[in-house]
Structures are given as C-alpha cells and as structure tokens.
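Chemist: Here's a structure for you.
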Amino acid sequence: KKRRNGGRNKNGRGHVKSVRCSNCSRCVPKDKAIKRFTVRNIVETAAIRDMSEASVYSEYVLPKLYIKIHYCVSCAIHSHVVRVRSVEGRRNRAPPPRIRFNKEGKKINANAAACVLSDSQECVVTDRYW
C-alpha cells in the first residue's frame, strides 16, 4: 500500500461526489482533488497605477478575485502545485511552512517572525526551505 489514506480523505464514507479539474476538466472525487483557494487582484499589477490615476475616486480599493481551484493529481504534479515525495517524505503529514509577507511586500522568515513575537534574546534564525 502506497499511502495510509489511499490518496483520499474519505474515511468512513462510501461514495463522494466528483468535481471537475480546473485545468483539464477530468472528473476527480472531491476528497482526492488537490484544492487551492486563490485570492488575486482583478487588475494585474502593471495596470494598477494606470487605473488609480484614471479613476475619479481618490481612495477606491480595487476588488479581489476569489477562486477555489480543484486539480486532478496529474495536473497538480505537472503544474508544480504539489511535488513527488520519497517514501519517508510521504509519511510527513505536517503542512509546509507558510510564506508570510510584511507591509512592504518582503518575505518574513518563519523563525524570525516567531522571534519577534516571543521577544526573546536567544533566537537562532536558519534559512531552511525543505
């Protein structure tokens, strides 16, 4: 057996409705599909300044686009949404570390953010991504 859950999140349910892959329209069981919730600006970053200059309203906030994307396993691997992991790596069920940004849009190291929150003097910051 390759995975403890068989690649699904079904547990005691016998049948789960299927959803369509956002990329190739394949039918995938909803619990097996790789789900990502994306929040983007409706206007691309290059055009935001042009829009704000052309706008009549001075403090108009552009709306965001909220999309829930479902991928089949093959499309998720092909588009690098998820990666192939080794046998030992598959046992790791913890979510990957979240990338956080500050107000200026720069990346915050997860350990550095924890150090700032705890206000301790002895913090060791390491740049590990995997």
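Residues are referred to by chain and number: the chain letter is A, B, ... according to the order shown in the structure tokens, the number counts from 1 in that chain, and ligands are numbered separately from 1 in the order shown.
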Can you pull out every residue within 9 Å of segment 24-29 of chain A, counting only C-alpha atoms, but drop anything in the same chain fewer than 3 positions away, and send it as a PyMOL selection string?
Modeler: chain A and resi 8+15-21+32-33+70-73+75
Chemist: For the residues in the current selection, export N, CA, C and O atoms as a PDB file, in the first residue's frame.
Modeler:
ATOM      1  N   ARG A   8      -6.829   9.557  -0.509  1.00  0.00           N
ATOM      2  CA  ARG A   8      -8.147  10.171  -0.382  1.00  0.00           C
ATOM      3  C   ARG A   8      -8.400  10.603   1.051  1.00  0.00           C
ATOM      4  O   ARG A   8      -7.692  10.213   1.966  1.00  0.00           O
ATOM      5  N   HIS A  15     -19.135   6.810  -0.769  1.00  0.00           N
ATOM      6  CA  HIS A  15     -19.069   7.489  -2.066  1.00  0.00           C
ATOM      7  C   HIS A  15     -18.988   8.985  -1.844  1.00  0.00           C
ATOM      8  O   HIS A  15     -19.579   9.509  -0.905  1.00  0.00           O
ATOM      9  N   VAL A  16     -18.220   9.644  -2.710  1.00  0.00           N
ATOM     10  CA  VAL A  16     -18.063  11.098  -2.629  1.00  0.00           C
ATOM     11  C   VAL A  16     -18.348  11.669  -3.997  1.00  0.00           C
ATOM     12  O   VAL A  16     -17.954  11.089  -5.017  1.00  0.00           O
ATOM     13  N   LYS A  17     -19.041  12.798  -4.051  1.00  0.00           N
ATOM     14  CA  LYS A  17     -19.329  13.445  -5.342  1.00  0.00           C
ATOM     15  C   LYS A  17     -18.035  13.871  -6.007  1.00  0.00           C
ATOM     16  O   LYS A  17     -17.045  14.171  -5.336  1.00  0.00           O
ATOM     17  N   SER A  18     -18.079  13.925  -7.324  1.00  0.00           N
ATOM     18  CA  SER A  18     -16.871  14.305  -8.053  1.00  0.00           C
ATOM     19  C   SER A  18     -16.929  15.771  -8.452  1.00  0.00           C
ATOM     20  O   SER A  18     -17.997  16.360  -8.569  1.00  0.00           O
ATOM     21  N   VAL A  19     -15.741  16.346  -8.619  1.00  0.00           N
ATOM     22  CA  VAL A  19     -15.603  17.714  -9.104  1.00  0.00           C
ATOM     23  C   VAL A  19     -14.790  17.658 -10.387  1.00  0.00           C
ATOM     24  O   VAL A  19     -14.166  16.649 -10.695  1.00  0.00           O
ATOM     25  N   ARG A  20     -14.798  18.758 -11.123  1.00  0.00           N
ATOM     26  CA  ARG A  20     -14.029  18.823 -12.362  1.00  0.00           C
ATOM     27  C   ARG A  20     -12.711  19.544 -12.130  1.00  0.00           C
ATOM     28  O   ARG A  20     -12.660  20.567 -11.450  1.00  0.00           O
ATOM     29  N   CYS A  21     -11.654  19.001 -12.704  1.00  0.00           N
ATOM     30  CA  CYS A  21     -10.339  19.626 -12.624  1.00  0.00           C
ATOM     31  C   CYS A  21     -10.392  20.974 -13.343  1.00  0.00           C
ATOM     32  O   CYS A  21     -10.944  21.079 -14.434  1.00  0.00           O
ATOM     33  N   LYS A  32     -10.284  13.537  -3.193  1.00  0.00           N
ATOM     34  CA  LYS A  32      -8.976  13.229  -3.776  1.00  0.00           C
ATOM     35  C   LYS A  32      -8.379  14.442  -4.492  1.00  0.00           C
ATOM     36  O   LYS A  32      -7.151  14.545  -4.625  1.00  0.00           O
ATOM     37  N   ALA A  33      -9.218  15.351  -4.933  1.00  0.00           N
ATOM     38  CA  ALA A  33      -8.753  16.519  -5.675  1.00  0.00           C
ATOM     39  C   ALA A  33      -7.847  17.380  -4.807  1.00  0.00           C
ATOM     40  O   ALA A  33      -8.040  17.481  -3.599  1.00  0.00           O
ATOM     41  N   HIS A  70      -9.717  23.373  -8.178  1.00  0.00           N
ATOM     42  CA  HIS A  70      -9.578  21.933  -7.950  1.00  0.00           C
ATOM     43  C   HIS A  70      -8.674  21.378  -9.038  1.00  0.00           C
ATOM     44  O   HIS A  70      -8.886  21.651 -10.218  1.00  0.00           O
ATOM     45  N   TYR A  71      -7.676  20.600  -8.649  1.00  0.00           N
ATOM     46  CA  TYR A  71      -6.780  19.955  -9.610  1.00  0.00           C
ATOM     47  C   TYR A  71      -6.896  18.447  -9.484  1.00  0.00           C
ATOM     48  O   TYR A  71      -7.041  17.925  -8.370  1.00  0.00           O
ATOM     49  N   CYS A  72      -6.784  17.738 -10.613  1.00  0.00           N
ATOM     50  CA  CYS A  72      -6.578  16.303 -10.537  1.00  0.00           C
ATOM     51  C   CYS A  72      -5.105  16.087 -10.183  1.00  0.00           C
ATOM     52  O   CYS A  72      -4.294  17.003 -10.271  1.00  0.00           O
ATOM     53  N   VAL A  73      -4.741  14.881  -9.788  1.00  0.00           N
ATOM     54  CA  VAL A  73      -3.385  14.619  -9.306  1.00  0.00           C
ATOM     55  C   VAL A  73      -2.358  14.878 -10.402  1.00  0.00           C
ATOM     56  O   VAL A  73      -1.321  15.509 -10.169  1.00  0.00           O
ATOM     57  N   CYS A  75      -2.497  16.883 -13.071  1.00  0.00           N
ATOM     58  CA  CYS A  75      -2.322  18.308 -13.378  1.00  0.00           C
ATOM     59  C   CYS A  75      -1.614  19.036 -12.246  1.00  0.00           C
ATOM     60  O   CYS A  75      -0.817  19.934 -12.489  1.00  0.00           O
TER      61      CYS A  75
END
Chemist: Identify all residues of chain A in helix (DSSP H, G or I) (DSSP on the backbone) and supply them as a ChimeraX atom specification.
Modeler: /A:45-54,73-78,87-90,110-118
Chemist: Of the candidates A:Glu104, A:Asn5, A:Asn23, A:Leu65, which one gets nearest to Glu44 of chain A if we count only C-alpha atoms?
Modeler: A:Leu65
Chemist: For atom CA of Arg93 of chain A and atom CA of Arg3 of chain A, quote the distance in Å rounded to one decimal.
Modeler: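 It comes out at 11.1 Å.
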Chemist: Go through A:Lys68, A:Arg98, A:Arg85, A:Lys103 and flag the residue nearest Ile34 of chain A, using only C-alpha atoms for the distances.
Modeler: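 Nearest candidate to Ile34 of chain A out of A:Lys68, A:Arg98, A:Arg85, A:Lys103: A:Lys68.
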Chemist: With only C-alpha atoms as the counted atoms, please give the residues lying no more than 12 Å from Val61 of chain A, apart from itself and same-chain residues fewer than 6 positions off, as a list in words.
Modeler: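 Here the qualifying residues turn out to be Asn41, Ile42, Val43, Ile48, Arg49, Met51, Ser52 and Ser55 of chain A.
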Chemist: Could you give me, as a VMD selection string, each residue of chain A that DSSP assigns to strand (DSSP E) when run on this structure's backbone?
Modeler: chain A and resid 18 to 20 27 to 29 34 to 41 64 to 71 100 to 101 107 to 108
